[in-house]
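Asker: Dropping in upload.pdb, with PDB, C-alpha atoms and all ligand atoms.
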ATOM      1  CA  MET A   1       0.000   0.000   0.000
ATOM      2  CA  ILE A   2       1.384   3.467  -0.915
ATOM      3  CA  THR A   3       1.426   5.892   2.005
ATOM      4  CA  SER A   4       1.421   9.616   1.385
ATOM      5  CA  LYS A   5       4.939   9.723   2.873
ATOM      6  CA  SER A   6       6.356   7.166   0.442
ATOM      7  CA  LEU A   7       4.581   8.895  -2.447
ATOM      8  CA  LEU A   8       6.274  12.149  -1.471
ATOM      9  CA  LEU A   9       9.659  10.377  -1.380
ATOM     10  CA  MET A  10       9.076   8.890  -4.814
ATOM     11  CA  LEU A  11       8.078  12.237  -6.258
ATOM     12  CA  THR A  12      11.131  13.928  -4.766
ATOM     13  CA  ALA A  13      13.391  11.226  -6.192
ATOM     14  CA  LEU A  14      11.768  11.638  -9.592
ATOM     15  CA  MET A  15      12.277  15.421  -9.530
ATOM     16  CA  ILE A  16      15.942  15.135  -8.600
ATOM     17  CA  PHE A  17      16.423  12.522 -11.295
ATOM     18  CA  SER A  18      14.727  14.564 -14.008
ATOM     19  CA  ASN A  19      16.704  17.685 -13.085
ATOM     20  CA  GLU A  20      19.870  15.655 -13.489
ATOM     21  CA  VAL A  21      18.717  14.415 -16.847
ATOM     22  CA  ILE A  22      18.071  17.993 -17.999
ATOM     23  CA  ALA A  23      21.440  19.191 -16.678
ATOM     24  CA  GLU A  24      23.159  16.279 -18.406
ATOM     25  CA  ALA A  25      21.428  17.046 -21.703
ATOM     26  CA  GLU A  26      22.478  20.695 -21.485
ATOM     27  CA  ARG A  27      26.089  19.780 -20.811
ATOM     28  CA  ALA A  28      26.077  17.353 -23.696
ATOM     29  CA  ALA A  29      24.765  19.882 -26.211
ATOM     30  CA  PRO A  30      26.325  23.313 -25.587
ATOM     31  CA  GLU A  31      26.298  24.105 -29.321
ATOM     32  CA  ALA A  32      22.634  23.308 -29.701
ATOM     33  CA  SER A  33      21.735  25.742 -26.930
ATOM     34  CA  ALA A  34      24.097  28.423 -28.351
ATOM     35  CA  GLU A  35      22.224  28.237 -31.645
ATOM     36  CA  ILE A  36      18.970  29.165 -29.988
ATOM     37  CA  GLY A  37      18.146  32.822 -30.513
ATOM     38  CA  GLU A  38      19.790  35.456 -28.381
ATOM     39  CA  GLN A  39      22.797  33.393 -27.336
ATOM     40  CA  ASP A  40      24.150  33.473 -30.881
ATOM     41  CA  LYS A  41      24.249  37.091 -31.995
ATOM     42  CA  TYR A  42      25.215  35.899 -35.480
ATOM     43  CA  ALA A  43      22.281  33.495 -35.923
ATOM     44  CA  SER A  44      20.684  35.601 -38.676
ATOM     45  CA  ILE A  45      23.873  35.676 -40.799
ATOM     46  CA  ARG A  46      25.172  32.100 -40.399
ATOM     47  CA  GLU A  47      23.873  31.119 -43.846
ATOM     48  CA  ASN A  48      25.300  34.281 -45.465
ATOM     49  CA  LEU A  49      28.675  33.606 -43.868
ATOM     50  CA  LYS A  50      29.004  30.293 -45.697
ATOM     51  CA  THR A  51      28.708  32.200 -48.985
ATOM     52  CA  CYS A  52      31.286  34.774 -47.911
ATOM     53  CA  PHE A  53      33.759  32.013 -46.954
ATOM     54  CA  THR A  54      33.658  30.498 -50.465
ATOM     55  CA  CYS A  55      35.579  33.504 -51.818
ATOM     56  CA  HIS A  56      37.036  35.272 -48.771
ATOM     57  CA  GLY A  57      38.280  32.026 -47.171
ATOM     58  CA  ASP A  58      37.310  30.440 -43.856
ATOM     59  CA  ASN A  59      36.462  33.219 -41.389
ATOM     60  CA  GLY A  60      37.583  35.777 -43.990
ATOM     61  CA  GLN A  61      41.230  34.623 -43.922
ATOM     62  CA  SER A  62      41.473  34.792 -47.706
ATOM     63  CA  LYS A  63      44.337  32.941 -49.368
ATOM     64  CA  LEU A  64      43.648  34.192 -52.897
ATOM     65  CA  GLY A  65      45.031  37.480 -54.158
ATOM     66  CA  THR A  66      41.852  38.778 -55.785
ATOM     67  CA  PHE A  67      39.754  38.351 -52.622
ATOM     68  CA  PRO A  68      40.586  40.810 -49.851
ATOM     69  CA  ILE A  69      41.318  39.524 -46.364
ATOM     70  CA  LEU A  70      38.381  40.445 -44.134
ATOM     71  CA  ALA A  71      39.480  38.710 -40.923
ATOM     72  CA  GLY A  72      40.595  41.422 -38.505
ATOM     73  CA  GLN A  73      39.800  44.302 -40.873
ATOM     74  CA  GLU A  74      38.233  47.368 -39.191
ATOM     75  CA  PHE A  75      34.542  46.919 -38.333
ATOM     76  CA  TYR A  76      33.278  50.381 -39.254
ATOM     77  CA  TYR A  77      35.272  50.466 -42.485
ATOM     78  CA  MET A  78      33.764  47.149 -43.643
ATOM     79  CA  TYR A  79      30.253  48.214 -42.681
ATOM     80  CA  VAL A  80      30.618  51.370 -44.811
ATOM     81  CA  GLN A  81      31.949  49.316 -47.752
ATOM     82  CA  LEU A  82      29.044  46.851 -47.632
ATOM     83  CA  LYS A  83      26.533  49.734 -47.557
ATOM     84  CA  ASP A  84      28.358  51.528 -50.398
ATOM     85  CA  MET A  85      28.472  48.366 -52.502
ATOM     86  CA  LYS A  86      24.711  48.050 -51.970
ATOM     87  CA  THR A  87      24.016  51.608 -53.190
ATOM     88  CA  GLY A  88      26.624  51.316 -55.975
ATOM     89  CA  LEU A  89      28.742  54.201 -54.692
ATOM     90  CA  ARG A  90      31.471  51.579 -54.681
ATOM     91  CA  GLU A  91      30.738  49.692 -57.894
ATOM     92  CA  SER A  92      31.472  45.977 -57.681
ATOM     93  CA  GLN A  93      30.116  43.463 -60.164
ATOM     94  CA  VAL A  94      30.875  40.632 -57.784
ATOM     95  CA  MET A  95      29.832  42.109 -54.418
ATOM     96  CA  GLY A  96      26.921  44.244 -55.662
ATOM     97  CA  PRO A  97      24.452  41.388 -56.271
ATOM     98  CA  ILE A  98      25.590  39.628 -53.067
ATOM     99  CA  VAL A  99      24.764  42.540 -50.752
ATOM    100  CA  ALA A 100      21.670  43.612 -52.716
ATOM    101  CA  ASN A 101      19.369  41.348 -50.727
ATOM    102  CA  ILE A 102      20.972  41.654 -47.303
ATOM    103  CA  GLU A 103      19.390  44.058 -44.791
ATOM    104  CA  LYS A 104      21.507  46.811 -43.215
ATOM    105  CA  ALA A 105      21.277  45.228 -39.760
ATOM    106  CA  ASP A 106      22.780  42.019 -41.140
ATOM    107  CA  LEU A 107      25.477  43.923 -43.073
ATOM    108  CA  LYS A 108      26.476  45.378 -39.719
ATOM    109  CA  LEU A 109      26.620  41.902 -38.151
ATOM    110  CA  LEU A 110      28.703  40.598 -41.078
ATOM    111  CA  ALA A 111      31.196  43.448 -40.647
ATOM    112  CA  MET A 112      31.283  42.790 -36.910
ATOM    113  CA  PHE A 113      31.819  39.059 -37.335
ATOM    114  CA  PHE A 114      34.783  39.520 -39.678
ATOM    115  CA  SER A 115      36.347  42.300 -37.586
ATOM    116  CA  GLU A 116      36.495  39.864 -34.636
ATOM    117  CA  GLN A 117      38.503  37.224 -36.550
ATOM    118  CA  LYS A 118      42.297  36.980 -36.561
ATOM    119  CA  TRP A 119      44.259  38.532 -39.442
ATOM    120  CA  PRO A 120      46.053  35.614 -41.174
ATOM    121  CA  GLU A 121      49.796  35.301 -41.742
ATOM    122  CA  THR A 122      50.819  36.264 -45.247
ATOM    123  CA  SER A 123      54.351  36.008 -46.637
ATOM    124  CA  TYR A 124      54.779  38.314 -49.603
ATOM    125  CA  GLU A 125      58.331  39.153 -50.636
ATOM    126  CA  ILE A 126      59.400  42.420 -52.242
ATOM    127  CA  ASN A 127      62.528  43.384 -54.150
ATOM    128  CA  ALA A 128      64.740  46.213 -52.917
ATOM    129  CA  LYS A 129      63.920  48.543 -55.816
ATOM    130  CA  GLN A 130      60.152  48.294 -55.386
ATOM    131  CA  SER A 131      60.437  48.534 -51.648
ATOM    132  CA  ALA A 132      62.417  51.792 -51.881
ATOM    133  CA  ARG A 133      59.934  53.229 -54.369
ATOM    134  CA  GLY A 134      56.923  52.120 -52.328
ATOM    135  CA  GLN A 135      58.369  53.580 -49.155
ATOM    136  CA  ARG A 136      59.122  56.901 -50.879
ATOM    137  CA  VAL A 137      55.638  57.235 -52.384
ATOM    138  CA  ILE A 138      53.974  56.362 -49.100
ATOM    139  CA  ASP A 139      56.134  58.858 -47.172
ATOM    140  CA  GLU A 140      55.489  61.641 -49.683
ATOM    141  CA  GLY A 141      51.779  60.837 -49.914
ATOM    142  CA  GLY A 142      51.311  61.189 -46.166
ATOM    143  CA  CYS A 143      49.434  57.869 -46.126
ATOM    144  CA  THR A 144      50.357  57.185 -42.510
ATOM    145  CA  ALA A 145      48.577  60.378 -41.377
ATOM    146  CA  CYS A 146      45.335  58.475 -41.863
ATOM    147  CA  HIS A 147      46.305  54.797 -42.132
ATOM    148  CA  LEU A 148      48.704  55.157 -39.149
ATOM    149  CA  ALA A 149      52.410  54.292 -38.944
ATOM    150  CA  THR A 150      51.509  50.624 -38.426
ATOM    151  CA  LEU A 151      49.338  50.857 -41.591
ATOM    152  CA  LYS A 152      46.738  48.931 -39.619
ATOM    153  CA  GLY A 153      44.057  51.624 -39.877
ATOM    154  CA  ASN A 154      41.433  52.609 -37.349
ATOM    155  CA  SER A 155      37.633  52.670 -37.459
ATOM    156  CA  ARG A 156      36.660  54.257 -40.816
ATOM    157  CA  ILE A 157      40.221  53.813 -42.144
ATOM    158  CA  PRO A 158      41.139  50.356 -43.434
ATOM    159  CA  ARG A 159      44.122  48.216 -42.544
ATOM    160  CA  LEU A 160      46.493  48.047 -45.529
ATOM    161  CA  ALA A 161      49.441  46.181 -43.976
ATOM    162  CA  ASN A 162      49.755  42.589 -45.282
ATOM    163  CA  GLN A 163      46.649  42.777 -47.475
ATOM    164  CA  HIS A 164      46.994  40.882 -50.778
ATOM    165  CA  PRO A 165      48.973  43.077 -53.260
ATOM    166  CA  GLU A 166      46.788  41.957 -56.164
ATOM    167  CA  TYR A 167      43.619  43.184 -54.447
ATOM    168  CA  LEU A 168      45.274  46.446 -53.320
ATOM    169  CA  LYS A 169      46.449  47.119 -56.858
ATOM    170  CA  ASN A 170      42.966  46.438 -58.290
ATOM    171  CA  THR A 171      41.224  48.667 -55.802
ATOM    172  CA  MET A 172      43.711  51.542 -56.224
ATOM    173  CA  HIS A 173      42.999  51.407 -59.961
ATOM    174  CA  ASP A 174      39.274  51.423 -59.148
ATOM    175  CA  PHE A 175      39.759  54.620 -57.125
ATOM    176  CA  ARG A 176      41.651  56.239 -59.994
ATOM    177  CA  ASN A 177      39.112  55.127 -62.614
ATOM    178  CA  GLU A 178      36.181  56.286 -60.476
ATOM    179  CA  VAL A 179      34.698  52.813 -60.170
ATOM    180  CA  ARG A 180      35.141  53.219 -56.461
ATOM    181  CA  ASN A 181      33.627  56.594 -55.649
ATOM    182  CA  ASN A 182      33.246  56.442 -51.900
ATOM    183  CA  ALA A 183      36.481  58.243 -51.072
ATOM    184  CA  PRO A 184      37.097  61.197 -53.433
ATOM    185  CA  ALA A 185      40.183  62.275 -51.449
ATOM    186  CA  MET A 186      41.784  58.859 -51.936
ATOM    187  CA  ALA A 187      40.915  58.951 -55.646
ATOM    188  CA  SER A 188      42.436  62.367 -56.318
ATOM    189  CA  LEU A 189      45.554  61.426 -54.376
ATOM    190  CA  LEU A 190      46.011  58.208 -56.359
ATOM    191  CA  LYS A 191      45.495  60.000 -59.673
ATOM    192  CA  THR A 192      48.856  61.703 -59.109
ATOM    193  CA  TYR A 193      50.682  58.348 -59.284
ATOM    194  CA  THR A 194      51.902  56.245 -62.197
ATOM    195  CA  ASP A 195      51.055  52.552 -62.710
ATOM    196  CA  GLU A 196      54.587  51.681 -61.563
ATOM    197  CA  ASP A 197      54.046  53.687 -58.366
ATOM    198  CA  ILE A 198      50.821  51.772 -57.712
ATOM    199  CA  ASP A 199      52.555  48.422 -58.256
ATOM    200  CA  ALA A 200      55.289  49.448 -55.832
ATOM    201  CA  ILE A 201      52.765  50.668 -53.218
ATOM    202  CA  ALA A 202      50.744  47.430 -53.464
ATOM    203  CA  ASN A 203      53.831  45.268 -53.047
ATOM    204  CA  TYR A 204      55.229  47.423 -50.257
ATOM    205  CA  LEU A 205      51.943  47.245 -48.330
ATOM    206  CA  GLY A 206      51.499  43.507 -48.905
ATOM    207  CA  SER A 207      54.962  42.690 -47.583
ATOM    208  CA  PHE A 208      54.925  45.377 -44.860
ATOM    209  CA  LYS A 209      56.760  44.537 -41.650
ATOM    210  CA  GLU A 210      56.442  46.792 -38.602
TER     211      GLU A 210
HETATM  212  C1  LIG A 301      32.055  35.345 -55.529
HETATM  213  C2  LIG A 301      33.108  35.775 -54.629
HETATM  214  C3  LIG A 301      32.699  36.599 -53.408
HETATM  215  C4  LIG A 301      31.760  36.299 -52.453
HETATM  216  C5  LIG A 301      30.826  35.096 -52.389
HETATM  217  C6  LIG A 301      31.819  37.379 -51.469
HETATM  218  N1  LIG A 301      32.768  38.294 -51.837
HETATM  219 FE1  LIG A 301      33.226  40.011 -50.827
HETATM  220  N2  LIG A 301      34.525  40.539 -52.296
HETATM  221  C7  LIG A 301      34.796  39.809 -53.436
HETATM  222  C8  LIG A 301      35.679  40.564 -54.302
HETATM  223  C9  LIG A 301      36.211  40.130 -55.662
HETATM  224  C10 LIG A 301      35.920  41.798 -53.644
HETATM  225  C11 LIG A 301      36.685  42.992 -54.192
HETATM  226  C12 LIG A 301      35.637  43.740 -54.943
HETATM  227  C13 LIG A 301      35.956  45.076 -55.447
HETATM  228  O1  LIG A 301      36.884  45.731 -54.996
HETATM  229  O2  LIG A 301      35.200  45.495 -56.343
HETATM  230  C14 LIG A 301      35.186  41.747 -52.388
HETATM  231  C15 LIG A 301      35.189  42.773 -51.443
HETATM  232  C16 LIG A 301      34.574  42.705 -50.208
HETATM  233  C17 LIG A 301      34.694  43.702 -49.165
HETATM  234  C18 LIG A 301      35.551  44.960 -49.205
HETATM  235  C19 LIG A 301      36.885  44.693 -48.540
HETATM  236  C20 LIG A 301      37.807  45.868 -48.490
HETATM  237  O3  LIG A 301      38.943  45.709 -48.000
HETATM  238  O4  LIG A 301      37.433  46.949 -48.937
HETATM  239  C21 LIG A 301      33.931  43.293 -48.109
HETATM  240  C22 LIG A 301      33.748  43.993 -46.772
HETATM  241  C23 LIG A 301      33.329  42.037 -48.498
HETATM  242  N3  LIG A 301      33.736  41.698 -49.790
HETATM  243  C24 LIG A 301      32.479  41.291 -47.708
HETATM  244  C25 LIG A 301      31.809  40.136 -48.131
HETATM  245  C26 LIG A 301      30.766  39.485 -47.365
HETATM  246  C27 LIG A 301      30.282  39.942 -45.992
HETATM  247  C28 LIG A 301      30.349  38.411 -48.096
HETATM  248  C29 LIG A 301      29.236  37.428 -47.785
HETATM  249  C30 LIG A 301      27.924  37.999 -47.564
HETATM  250  C31 LIG A 301      31.136  38.399 -49.329
HETATM  251  N4  LIG A 301      31.998  39.463 -49.317
HETATM  252  C32 LIG A 301      31.015  37.450 -50.343
HETATM  253  C33 LIG A 301      34.325  38.532 -53.708
HETATM  254  C34 LIG A 301      33.327  37.871 -53.009
HETATM  255  C1  LIG A 302      42.975  61.765 -45.520
HETATM  256  C2  LIG A 302      43.118  60.411 -45.038
HETATM  257  C3  LIG A 302      43.786  59.400 -45.959
HETATM  258  C4  LIG A 302      45.038  59.496 -46.564
HETATM  259  C5  LIG A 302      46.053  60.613 -46.459
HETATM  260  C6  LIG A 302      45.201  58.257 -47.286
HETATM  261  N1  LIG A 302      44.101  57.462 -47.150
HETATM  262 FE1  LIG A 302      43.809  55.631 -48.015
HETATM  263  N2  LIG A 302      41.939  55.572 -47.282
HETATM  264  C7  LIG A 302      41.363  56.527 -46.459
HETATM  265  C8  LIG A 302      39.988  56.161 -46.196
HETATM  266  C9  LIG A 302      38.981  56.927 -45.341
HETATM  267  C10 LIG A 302      39.754  54.952 -46.892
HETATM  268  C11 LIG A 302      38.440  54.195 -46.972
HETATM  269  C12 LIG A 302      37.675  54.774 -48.107
HETATM  270  C13 LIG A 302      36.370  54.103 -48.345
HETATM  271  O1  LIG A 302      35.514  54.152 -47.477
HETATM  272  O2  LIG A 302      36.223  53.554 -49.420
HETATM  273  C14 LIG A 302      41.008  54.612 -47.553
HETATM  274  C15 LIG A 302      41.185  53.476 -48.348
HETATM  275  C16 LIG A 302      42.383  53.092 -48.919
HETATM  276  C17 LIG A 302      42.598  51.865 -49.643
HETATM  277  C18 LIG A 302      41.580  50.754 -49.876
HETATM  278  C19 LIG A 302      41.808  49.613 -48.902
HETATM  279  C20 LIG A 302      40.884  48.457 -49.091
HETATM  280  O3  LIG A 302      40.909  47.528 -48.261
HETATM  281  O4  LIG A 302      40.134  48.434 -50.051
HETATM  282  C21 LIG A 302      43.913  51.877 -50.069
HETATM  283  C22 LIG A 302      44.598  50.797 -50.867
HETATM  284  C23 LIG A 302      44.493  53.106 -49.589
HETATM  285  N3  LIG A 302      43.553  53.820 -48.888
HETATM  286  C24 LIG A 302      45.811  53.473 -49.827
HETATM  287  C25 LIG A 302      46.337  54.702 -49.470
HETATM  288  C26 LIG A 302      47.659  55.150 -49.853
HETATM  289  C27 LIG A 302      48.650  54.325 -50.637
HETATM  290  C28 LIG A 302      47.795  56.421 -49.356
HETATM  291  C29 LIG A 302      48.959  57.366 -49.537
HETATM  292  C30 LIG A 302      49.423  57.554 -50.902
HETATM  293  C31 LIG A 302      46.575  56.761 -48.656
HETATM  294  N4  LIG A 302      45.720  55.686 -48.740
HETATM  295  C32 LIG A 302      46.343  57.952 -48.017
HETATM  296  C33 LIG A 302      41.987  57.627 -45.967
HETATM  297  C34 LIG A 302      43.214  58.130 -46.358
END
Written as C-alpha cells, how would this file's structure read?
Answerer:
Amino acid sequence: MITSKSLLLMLTALMIFSNEVIAEAERAAPEASAEIGEQDKYASIRENLKTCFTCHGDNGQSKLGTFPILAGQEFYYMYVQLKDMKTGLRESQVMGPIVANIEKADLKLLAMFFSEQKWPETSYEINAKQSARGQRVIDEGGCTACHLATLKGNSRIPRLANQHPEYLKNTMHDFRNEVRNNAPAMASLLKTYTDEDIDAIANYLGSFKE
C-alpha cells in the first residue's frame, strides 16, 4: 500500500532525477543551446557567412590574391563598404548582387563578425627597388597620417598592412578610374601616381613589416 509519505519520497526522487537528466542534456549539447536565438548574436547571418567564406576564405582569412582579407579588418570600415556596394557608390560586379538582398542590420553583423577574426599570416616578398619606391611614395603621400604608422588603420580607415597586393592594386585602380567613388580624397591622391608607383605601393603594403 502506498502511504502519502512514500509517495512524497518517490516524487522527490523523480524530480531530482529529471533535473539531473536535464542538466546532463544541457552539458552534452552546448552548441545546440548556443544556436537558440539570443545566445548566438550571429544566428541571422550564419547562412550568409558560408557564402562569404567560399571567396574570402574560412572566417575571412582569404588565401587568394583577388579576394581581400576580411578577418581582422576594421569593423566600421567594412560596414561602410558593404553599404556603399549596396548603393553602388562603390561599384562591384561581384559584391553588388551579393549585398543587394541583405538588410543593413545584417550587413552590420557581417562586418562585426569579420572584424572579430584573426588577421592571417601572409608572406609576400618584395625586391629592394620596389620597396624603396613604395616607401618613398607612401612617405610623400602622407598615407600614414590616416592609415597610421603601423598601416593597420582605425575605425573608418582600413588596414592596408599585409593585405593581398593583387587586391590592393585592383582597388587603387578602381579609385583612380572612379569605379570606387566612396572616397574622393583617396581617388584624387592616387590619380597623381603612375602605374609603376601603384605596383610598388601594393607590393610594399602587402609585404609590410612593422
Ligand atoms: C564570388 C566571390 C565573393 C563572395 C561570395 C563574397 N565576396 Fe566580398 N569581395 C569579393 C571581391 C572580388 C571583392 C573585391 C571587390 C571590389 O573591390 O570590387 C570583395 C570585397 C569585399 C569587401 C571589401 C573589402 C575591403 O577591404 O574593402 C567586403 C567587406 C566584403 N567583400 C564582404 C563580403 C561578405 C560579408 C560576403 C558574404 C555575404 C562576401 N563578401 C562574399 C568577392 C566575393
Ligand atoms: C585623408 C586620409 C587618408 C590618406 C592621407 C590616405 N588614405 Fe587611403 N583611405 C582613407 C579612407 C577613409 C579609406 C576608406 C575609403 C572608403 O571608405 O572607401 C582609404 C582606403 C584606402 C585603400 C583601400 C583599402 C581596401 O581595403 O580596399 C587603399 C589601398 C588606400 N587607402 C591606400 C592609401 C595610400 C597608398 C595612401 C597614400 C598615398 C593613402 N591611402 C592615403 C583615408 C586616407
Asker: Let me know the residues the PyMOL selection byres (((chain A and resi 75) around 10) and not hetatm) catches in the file above, as a list of chain:residue names.
Answerer: A:Leu70, A:Ala71, A:Gly72, A:Gln73, A:Glu74, A:Tyr76, A:Tyr77, A:Met78, A:Tyr79, A:Val80, A:Lys108, A:Leu109, A:Leu110, A:Ala111, A:Met112, A:Phe113, A:Phe114, A:Ser115, A:Glu116, A:Asn154, A:Ser155, A:Arg156, A:Ile157, A:Pro158
Asker: Please report, as AutoDock Vina command-line options, the centre and edge lengths in Å to one decimal of an axis-aligned box covering all listed atoms of ligand LIG 301 (chain A) with 3 Å per side.
Answerer:
--center_x 33.4 --center_y 41.0 --center_z -51.2 --size_x 17.0 --size_y 17.9 --size_z 16.4
Asker: Could you give me, as an mmCIF file with C-alpha atoms, keeping the file's coordinate frame, the residues within 8 Å of A:Glu91, counting all atoms listed in the file and dropping anything in the same chain fewer than 3 positions from it?
Answerer:
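Saved to selection.cif:
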data_model
loop_
_atom_site.group_PDB
_atom_site.id
_atom_site.type_symbol
_atom_site.label_atom_id
_atom_site.label_comp_id
_atom_site.auth_asym_id
_atom_site.auth_seq_id
_atom_site.Cartn_x
_atom_site.Cartn_y
_atom_site.Cartn_z
ATOM 1 C CA MET A 85 28.472 48.366 -52.502
ATOM 2 C CA GLY A 88 26.624 51.316 -55.975
ATOM 3 C CA GLY A 96 26.921 44.244 -55.662
ATOM 4 C CA VAL A 179 34.698 52.813 -60.170
ATOM 5 C CA ARG A 180 35.141 53.219 -56.461
ATOM 6 C CA ASN A 181 33.627 56.594 -55.649
#
Asker: Can you list, as an MDAnalysis selection string, the residues that the PyMOL selection byres (((chain A and resi 191) around 9) and not hetatm) selects here?
Answerer: chainID A and resid 173 175:177 186:190 192:194
Asker: Could you give me, as JSON lines, a per-residue list for chain A showing, wherever an atom lies at most 7 Å from an atom of ligand LIG 302 (chain A), the closest pair of atoms and their distance in Å to one decimal, using all atoms listed in the file and sorting by chain then residue number from low to high?
Answerer:
{"residue": "A:Pro68", "atom": "CA", "partner": "A:LIG302", "partner_atom": "O3", "distance": 6.9}
{"residue": "A:Tyr77", "atom": "CA", "partner": "A:LIG302", "partner_atom": "O1", "distance": 6.2}
{"residue": "A:Val80", "atom": "CA", "partner": "A:LIG302", "partner_atom": "O1", "distance": 6.2}
{"residue": "A:Gln81", "atom": "CA", "partner": "A:LIG302", "partner_atom": "O1", "distance": 6.0}
{"residue": "A:Val137", "atom": "CA", "partner": "A:LIG302", "partner_atom": "C30", "distance": 6.4}
{"residue": "A:Ile138", "atom": "CA", "partner": "A:LIG302", "partner_atom": "C30", "distance": 5.0}
{"residue": "A:Gly141", "atom": "CA", "partner": "A:LIG302", "partner_atom": "C30", "distance": 4.2}
{"residue": "A:Gly142", "atom": "CA", "partner": "A:LIG302", "partner_atom": "C5", "distance": 5.3}
{"residue": "A:Cys143", "atom": "CA", "partner": "A:LIG302", "partner_atom": "C29", "distance": 3.5}
{"residue": "A:Thr144", "atom": "CA", "partner": "A:LIG302", "partner_atom": "C5", "distance": 6.8}
{"residue": "A:Ala145", "atom": "CA", "partner": "A:LIG302", "partner_atom": "C5", "distance": 5.7}
{"residue": "A:Cys146", "atom": "CA", "partner": "A:LIG302", "partner_atom": "C2", "distance": 4.3}
{"residue": "A:His147", "atom": "CA", "partner": "A:LIG302", "partner_atom": "N1", "distance": 6.1}
{"residue": "A:Arg156", "atom": "CA", "partner": "A:LIG302", "partner_atom": "C9", "distance": 5.7}
{"residue": "A:Ile157", "atom": "CA", "partner": "A:LIG302", "partner_atom": "C9", "distance": 4.6}
{"residue": "A:Pro158", "atom": "CA", "partner": "A:LIG302", "partner_atom": "C19", "distance": 5.6}
{"residue": "A:Arg159", "atom": "CA", "partner": "A:LIG302", "partner_atom": "O3", "distance": 6.6}
{"residue": "A:Leu160", "atom": "CA", "partner": "A:LIG302", "partner_atom": "C19", "distance": 6.0}
{"residue": "A:Leu168", "atom": "CA", "partner": "A:LIG302", "partner_atom": "C22", "distance": 5.0}
{"residue": "A:Thr171", "atom": "CA", "partner": "A:LIG302", "partner_atom": "O4", "distance": 5.9}
{"residue": "A:Met172", "atom": "CA", "partner": "A:LIG302", "partner_atom": "C22", "distance": 5.5}
{"residue": "A:Asn182", "atom": "CA", "partner": "A:LIG302", "partner_atom": "O2", "distance": 4.8}
{"residue": "A:Ala183", "atom": "CA", "partner": "A:LIG302", "partner_atom": "C12", "distance": 4.7}
{"residue": "A:Ala185", "atom": "CA", "partner": "A:LIG302", "partner_atom": "C1", "distance": 6.6}
{"residue": "A:Met186", "atom": "CA", "partner": "A:LIG302", "partner_atom": "FE1", "distance": 5.5}
{"residue": "A:Leu189", "atom": "CA", "partner": "A:LIG302", "partner_atom": "C30", "distance": 6.5}
{"residue": "A:Leu190", "atom": "CA", "partner": "A:LIG302", "partner_atom": "C30", "distance": 6.5}
{"residue": "A:Ile201", "atom": "CA", "partner": "A:LIG302", "partner_atom": "C27", "distance": 6.1}
Asker: For atom C11 of ligand LIG 301 (chain A) and atom CA of A:Cys55, determine how far apart the two atoms are, in Å to one decimal place.
Answerer: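 Computing it gives 9.8 Å between the two atoms.
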Asker: Do you know which residues are at most 8 Å from A:Val99 counting all atoms listed in the file, after dropping those on the same chain fewer than 6 positions away, and could you put them as a PDB file with C-alpha atoms, in the frame of the given file?
Answerer:
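Listing of part11.pdb after writing:
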ATOM      1  CA  LEU A  82      29.044  46.851 -47.632  1.00  0.00           C
ATOM      2  CA  MET A  85      28.472  48.366 -52.502  1.00  0.00           C
ATOM      3  CA  LYS A  86      24.711  48.050 -51.970  1.00  0.00           C
ATOM      4  CA  LEU A 107      25.477  43.923 -43.073  1.00  0.00           C
TER       5      LEU A 107
END
Asker: Choose the residue, out of A:Glu166, A:Asp84, A:Glu103, A:Glu47, that has the smallest atom-to-atom separation from A:Tyr204; count only C-alpha atoms.
Answerer: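 Using only C-alpha atoms, the shortest distance to A:Tyr204 belongs to A:Glu166.
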Asker: Could you work out how far atom CA of A:Ser131 lies from atom CA of A:Ala200, giving the answer in Å with one decimal?
Answerer: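 These atoms are spaced 6.7 Å apart.
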Asker: Could you check which of A:Arg133, A:His164, A:Lys41, A:Lys118 is closest to ligand LIG 301 (chain A), using only C-alpha atoms and all ligand atoms?
Answerer: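 The answer is A:His164, which sits nearest to ligand LIG 301 (chain A).
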Asker: When you count all atoms listed in the file, which of these residues is closest to A:Gln61: A:Trp119, A:Leu89, A:Ala43, A:Asn48?
Answerer: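 Between A:Trp119, A:Leu89, A:Ala43, A:Asn48, the residue approaching A:Gln61 most closely is A:Trp119.
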Asker: Please report the interatomic distance between atom C27 of ligand LIG 301 (chain A) and atom CA of A:Ile98 in Å with one decimal.
Answerer: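 One can read the atom C27 of ligand LIG 301 (chain A) to atom CA of A:Ile98 distance as 8.5 Å.
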Asker: Between A:Asn59, A:Gly153, A:Asn170, A:Asp197, single out the one closest to ligand LIG 301 (chain A), counting all atoms listed in the file.
Answerer: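 Using all atoms listed in the file, the shortest distance to ligand LIG 301 (chain A) belongs to A:Asn170.
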Asker: Using all atoms listed in the file for the distances, tell me which of A:Asp174, A:Lys83, A:His56, A:Glu196 is nearest to A:Asp106.
Answerer: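 Looking only at the distances to A:Asp106, the closest residue turns out to be A:Lys83.
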Asker: Using all atoms listed in the file for the distances, tell me which of A:Tyr42, A:Gln163, A:Gly134, A:Arg90 is nearest to A:Pro184.
Answerer: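 Once distances to A:Pro184 are computed over all atoms listed in the file, the minimum belongs to A:Arg90.
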